[in-house]
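Trainee: Dropping the structure in here first, questions after.
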Amino acid sequence: MKRSTAALAACAVVIGTAATVLPQAMAAAQGCRVDYTVTSQWQGGFQGAVKLTNLGDQVSGWSLTIAFPAGQRVTQGWNATWSQSGTTATATNVDWNRTLGTGASTDLGFVGSWTGSNPVPTSFALNGVACTGSTTTTSTTSTTTTTTTTNPPVGTTPVAINGQLRVCGVYLCNQYNKPIQLRGMSTHGIQWFGKCYNNASLDALATDWKSDLFRVAMYVQEQGYETNPSGFTSQVNSLVDMAEARGMYAIIDFHTLTPGDPNYNLERAKTFFASVASRNAAKKNVIYEIANEPNGVSWAAIKNYAEQVIPVIRAADPDAVVLVGTRAWSSLGVSEGSNETEVINNPVNATNIMYTFHFYAASHKDNYRATVSRAAARLPLFVSEFGTVTATGGGAYDQASTAAWLNLLDQLKIGYANWTYSDANESSAAFRPGTCNGSTYTGSSVLTDSGAYIKSRISTPDSFPTS
């Protein structure tokens with residue numbers, strides 16, 4: 001499936017109107033508004049976003065029917081149970097959005113096939129009542145129509161604008177159900193470079209780099225979490241708070257590397273994620289990465305691990321996005337002779353997840369980029385770690401390959417975090433050695449060649465749509 005930016009279409013089916021009903025005892029108000037957008041379109045297929053707003057009395061249990069013109073059909077959906085009979089598709093609530101109070105909204109989405117004209121529905125109905133953007137009541141009291149508007153975001157930070165994130169189709173979407181790309185930096189191992197992560201360095205990341213996110217790499221082995229679970233958990237939580245205070249998203253990275261089978265750390269993962277998910281559930285800035293780089297292990301084993309850890313997170317934090325590591329050092333299997341089809345044909349049984357892809361630009365080039373280009377049409381991807389150098393974390397800085405990678409990720413709207421925001425004595429580090437012994441993290445004099453280039457890419461203006 002090929003995305004065509006020229007074919008992108010948006011149709012706000014109902015402009016924001018609501019009805020104010022005069023008081024009437026026992027009057028049952030019914031009404032709804034639907035904002036519908038075609039977010040992506042390609043030959044024979046499209047992706048639709050549906051924002052349903054209940055304008056009437058509270059409903060507990062609902063079905064939204066969508067009347068398509070002939071030739072359109074829903075093939076996959078999320079945030080509801082989807083079915084279709086003839087030209088009518090039906091989205092029925094799931095447990096977490098079963099109840100919609102007056103004025104409450106829920107965001108749905110789907111992928112569909114189409115032939116003929118643009119795939120714009122002709123009507124919508126909530127529990128059998130047409131969504132016209134106004135309400136009706138069982139009383140004879142007249143209604144007055146007033147105009148409503150969506151409140152703009154308060155503040156200008158990435159979290160203030162985008163709010164709680166979710167996965168919609170193959171994209172990471174914001175609170176307005178619009179696809180976005182997050183760009184930022186990863187720590188090195190916090191057991192070795194904790195001194196690099198303080199108020200001054202995070203101020204620099206948020207204001208000088210204008211970073212959207214901060215990935216916290218907590219190694220499990222290699223002198224990490226297993227040596228002091230409570231201490232490392234506390235350190236992670238503190239860094240999450242520091243990112244939140246600056247309006248950045250935080251990826252909590254359970255940084256497994258050796259051994260490569262994540263099931264070796266299954267019980268540790270359950271304990272850790274139960275703790276951090278419970279503690280951070282109310283935050284809008286947290287993304288959970290459950291296994292950094294599985295290697296030497298089958299996709300079936302990785303999937304089994306994910307399907308045991310994700311429910312632990314969901315029990316405490318049902319809304320957060322979860323990143324799932326892929327085979328062969330999170331290369332979708334490419335580095336061990338496979339490809340994305342093993343995930344496409346056997347996806348993790350969970351919603352609101354993305355699959356990780358890692359690359360190091362001097363080692364991973366055209367065949368890896370080709371894999372990402374293909375996979376991005378079928379899978380939600382997030383590059384939670386990449387380097388400008390070789391896969392060892394050292395070697396020559398390859399700006400040409402890095403630029404080709406970042407151009408591709410920008411084109412596909414895939415978020416990324418660069419390795420590393422540290423002063424490690426290796427060419428992948430953003431800071432020159434010794435920087436973290438001081439207090440200055442801004443300006444060009446503290447940056448390596450890699451750091452200077454990545455900063456130039458991250459600090460360009462974001463495109464965060466809100467309508």
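Here's how to read the names in the structure tokens: chain A, B, ... by the order shown, residue numbers from 1 in each chain, ligand numbers from 1 in the order shown.
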As a ChimeraX atom specification, which residues of segment 237-346 of chain A does DSSP assign to strand (DSSP E or B)?

Mentor: /A:249-255,286-289,322-324

Trainee: Hey, can you spit out that residue selection with C-alpha atoms as a PDB file, in the first residue's frame?

Mentor:
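Output (selection.pdb):
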```
ATOM      1  CA  TYR A 249       7.347  12.669  26.618  1.00  0.00           C
ATOM      2  CA  ALA A 250       9.333   9.996  28.464  1.00  0.00           C
ATOM      3  CA  ILE A 251       9.993   6.483  27.185  1.00  0.00           C
ATOM      4  CA  ILE A 252      10.617   4.061  30.040  1.00  0.00           C
ATOM      5  CA  ASP A 253      13.025   1.615  28.405  1.00  0.00           C
ATOM      6  CA  PHE A 254      13.458  -1.814  30.011  1.00  0.00           C
ATOM      7  CA  HIS A 255      16.870  -2.109  28.390  1.00  0.00           C
ATOM      8  CA  VAL A 286       4.740   8.171  29.575  1.00  0.00           C
ATOM      9  CA  ILE A 287       5.436   5.537  26.909  1.00  0.00           C
ATOM     10  CA  TYR A 288       6.508   2.032  27.970  1.00  0.00           C
ATOM     11  CA  GLU A 289       9.199   0.109  26.048  1.00  0.00           C
ATOM     12  CA  VAL A 322       3.487   0.374  24.648  1.00  0.00           C
ATOM     13  CA  LEU A 323       6.538  -0.267  22.438  1.00  0.00           C
ATOM     14  CA  VAL A 324       7.323  -3.905  21.643  1.00  0.00           C
TER      15      VAL A 324
END
```

Trainee: Produce a table with one row for each residue of segment 233-283 of chain A that has an atom at most 8 Å from any atom of segment 156-165 of chain A, each row naming the nearest atom pair and its distance in Å at one decimal; use only C-alpha atoms; arrange rows by chain and rising residue number; format as CSV.

Mentor:
```
residue,atom,partner,partner_atom,distance
A:Glu244,CA,A:Val159,CA,7.9
A:Arg246,CA,A:Thr157,CA,7.5
A:Gly247,CA,A:Thr157,CA,5.0
A:Met248,CA,A:Val159,CA,5.9
A:Tyr249,CA,A:Val159,CA,6.5
```

Trainee: Kindly indicate which residue among A:Val446, A:Ala291, A:Val38, A:Leu64 lies nearest to Gly325 of chain A, using only C-alpha atoms for the distances.

Mentor: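 Looking only at the distances to Gly325 of chain A, the closest residue turns out to be A:Ala291.
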
Trainee: Of the residues A:Trp299, A:Asn304, A:Ser275, A:Tyr416, which is the one nearest to Thr341 of chain A, using only C-alpha atoms?

Mentor: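 Ranking A:Trp299, A:Asn304, A:Ser275, A:Tyr416 by distance to Thr341 of chain A, first place goes to A:Trp299.
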
Trainee: Fewer than 4 positions away in the same chain doesn't count, so skip those; otherwise give me all residues within 12 Å of Val167 of chain A, counting only C-alpha atoms, as JSON, numbers by chain.

Mentor: {"A": [49, 77, 78, 79, 107, 108, 109, 110, 171, 172, 173, 174, 175, 176, 177, 178, 179, 180, 181, 287, 319, 320, 321, 322, 323, 350, 351, 352, 353, 354, 355, 379, 380, 381, 382, 414]}

Trainee: Report the residues of segment 235-411 of chain A whose backbone DSSP state falls under alpha helix (DSSP H), written as a PyMOL selection string.

Mentor: chain A and resi 235-245+266-280+299-316+327-330+341-344+366-375+399-411

Trainee: Just want the 12 Å neighbourhood of Gln223 of chain A, counted on only C-alpha atoms, with same-chain residues fewer than 4 positions away dropped. Output as a list of chain:residue names.

Mentor: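 In the requested format, the answer is A:Gly189, A:Ile190, A:Gln191, A:Trp192, A:Met218, A:Tyr219, A:Thr227, A:Asn228, A:Pro229, A:Phe232, A:His255, A:Thr256, A:Thr258.
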
Trainee: Export N, CA and C atoms of the chosen residues as a short mmCIF file (atom, residue, chain, number, x, y, z; two decimals), in the first residue's frame?

Mentor:
```
data_model
loop_
_atom_site.label_atom_id
_atom_site.label_comp_id
_atom_site.auth_asym_id
_atom_site.auth_seq_id
_atom_site.Cartn_x
_atom_site.Cartn_y
_atom_site.Cartn_z
N GLY A 189 23.23 4.17 29.41
CA GLY A 189 22.86 3.46 30.62
C GLY A 189 22.91 4.37 31.83
N ILE A 190 21.78 4.48 32.53
CA ILE A 190 21.72 5.42 33.66
C ILE A 190 22.58 4.95 34.83
N GLN A 191 23.00 3.67 34.82
CA GLN A 191 23.89 3.21 35.88
C GLN A 191 25.30 3.76 35.69
N TRP A 192 25.65 4.14 34.47
CA TRP A 192 26.99 4.66 34.18
C TRP A 192 27.01 6.18 33.98
N MET A 218 17.12 2.10 31.05
CA MET A 218 17.46 1.41 32.29
C MET A 218 17.87 -0.02 31.96
N TYR A 219 19.19 -0.25 31.92
CA TYR A 219 19.68 -1.60 31.70
C TYR A 219 19.16 -2.52 32.81
N THR A 227 20.62 -5.39 40.07
CA THR A 227 21.48 -5.18 41.24
C THR A 227 20.80 -4.36 42.32
N ASN A 228 19.77 -3.57 41.96
CA ASN A 228 19.11 -2.69 42.93
C ASN A 228 17.75 -2.28 42.38
N PRO A 229 16.78 -3.18 42.36
CA PRO A 229 15.48 -2.87 41.74
C PRO A 229 14.83 -1.61 42.25
N PHE A 232 16.86 1.65 41.09
CA PHE A 232 16.73 2.00 39.68
C PHE A 232 15.30 2.41 39.33
N HIS A 255 15.79 -1.97 29.36
CA HIS A 255 16.87 -2.11 28.39
C HIS A 255 17.53 -3.48 28.49
N THR A 256 16.87 -4.48 27.91
CA THR A 256 17.42 -5.83 27.86
C THR A 256 18.30 -5.97 26.63
N THR A 258 21.60 -8.49 26.92
CA THR A 258 22.23 -9.79 27.13
C THR A 258 21.73 -10.36 28.46
#
```

Trainee: Sorted by chain and rising residue number, list the residues of segment 199-298 of chain A at most 12 Å from segment 423-437 of chain A (counting only C-alpha atoms), each with its closest atom pair and distance in Å to one decimal, as a Markdown table.

Mentor:
```
| residue | atom | partner | partner_atom | distance |
| --- | --- | --- | --- | --- |
| A:Asn199 | CA | A:Cys436 | CA | 11.9 |
| A:Ala200 | CA | A:Cys436 | CA | 10.1 |
| A:Ser201 | CA | A:Cys436 | CA | 8.5 |
| A:Leu202 | CA | A:Cys436 | CA | 12.0 |
| A:Leu205 | CA | A:Ala430 | CA | 11.2 |
| A:Trp209 | CA | A:Ala430 | CA | 11.4 |
```

Trainee: With N, CA and C atoms retained, write the just-selected residues as a PDB file, in the first residue's frame.

Mentor:
```pdb
ATOM      1  N   ASN A 199      19.014  18.849  36.100  1.00  0.00           N
ATOM      2  CA  ASN A 199      18.157  19.957  35.680  1.00  0.00           C
ATOM      3  C   ASN A 199      18.748  20.735  34.512  1.00  0.00           C
ATOM      4  N   ALA A 200      20.064  20.979  34.542  1.00  0.00           N
ATOM      5  CA  ALA A 200      20.682  21.761  33.475  1.00  0.00           C
ATOM      6  C   ALA A 200      20.645  21.021  32.147  1.00  0.00           C
ATOM      7  N   SER A 201      20.929  19.714  32.149  1.00  0.00           N
ATOM      8  CA  SER A 201      20.954  18.972  30.888  1.00  0.00           C
ATOM      9  C   SER A 201      19.548  18.783  30.314  1.00  0.00           C
ATOM     10  N   LEU A 202      18.564  18.575  31.193  1.00  0.00           N
ATOM     11  CA  LEU A 202      17.203  18.437  30.678  1.00  0.00           C
ATOM     12  C   LEU A 202      16.618  19.772  30.245  1.00  0.00           C
ATOM     13  N   LEU A 205      17.955  20.090  26.801  1.00  0.00           N
ATOM     14  CA  LEU A 205      17.263  19.207  25.866  1.00  0.00           C
ATOM     15  C   LEU A 205      15.907  19.776  25.476  1.00  0.00           C
ATOM     16  N   TRP A 209      17.575  22.162  22.441  1.00  0.00           N
ATOM     17  CA  TRP A 209      17.352  21.142  21.416  1.00  0.00           C
ATOM     18  C   TRP A 209      15.907  21.128  20.926  1.00  0.00           C
TER      19      TRP A 209
END
```

Trainee: Find the spatial neighbours of Ile310 of chain A, counting only C-alpha atoms, within a cut-off of 9 Å - ignore same-chain residues fewer than 2 positions away - and output them as a ChimeraX atom specification.

Mentor: /A:270,273,290,305-308,312-315,322,350

Trainee: Find the distance between atom CA of Phe357 of chain A and atom CA of Ala376 of chain A and write it in Å to one decimal.

Mentor: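 Answer for the atom CA of Phe357 of chain A to atom CA of Ala376 of chain A separation: 10.6 Å.
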
Trainee: For Arg369 of chain A, which of A:Asn349, A:Pro311, A:Gly387, A:Ala404 is the closest residue, counting only C-alpha atoms?

Mentor: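 Smallest distance to Arg369 of chain A is found for A:Ala404.
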
Trainee: Using only C-alpha atoms, which of A:Asn292, A:Thr271, A:Asn346, A:Thr440 sits nearest Val309 of chain A?

Mentor: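 That would be A:Thr271, the residue with the smallest distance to Val309 of chain A.
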
Trainee: Would you mind telling me which residue in A:Thr390, A:Ser186, A:Ser211, A:Thr115 lies nearest to Tyr421 of chain A when using only C-alpha atoms?

Mentor: A:Ser186

Trainee: Of the candidates A:Leu266, A:Ser422, A:Thr99, A:Pro465, which one gets nearest to Lys195 of chain A if we count only C-alpha atoms?

Mentor: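 Residue with the minimum atom-to-atom distance to Lys195 of chain A: A:Ser422.
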
Trainee: What does the distance from atom CA of Ser278 of chain A to atom CA of Thr233 of chain A come to in Å, to one decimal?

Mentor: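 One can read the atom CA of Ser278 of chain A to atom CA of Thr233 of chain A distance as 12.1 Å.
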
Trainee: If you count only C-alpha atoms, which residues fall within 6 Å of segment 53-59 of chain A, apart from same-chain ones fewer than 6 positions away, as a ChimeraX atom specification?

Mentor: /A:29-33,99-105

Trainee: Find the residues around Ile458 of chain A up to 7 Å (only C-alpha atoms counted), leave out those fewer than 3 positions away in its own chain, and share them as a PyMOL selection string.

Mentor: chain A and resi 183-184+209-211+454-455

Trainee: Report, in Å with one decimal, the straight-line distance from atom CA of Asp203 of chain A to atom CA of Thr187 of chain A.

Mentor: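 One can read the atom CA of Asp203 of chain A to atom CA of Thr187 of chain A distance as 14.5 Å.
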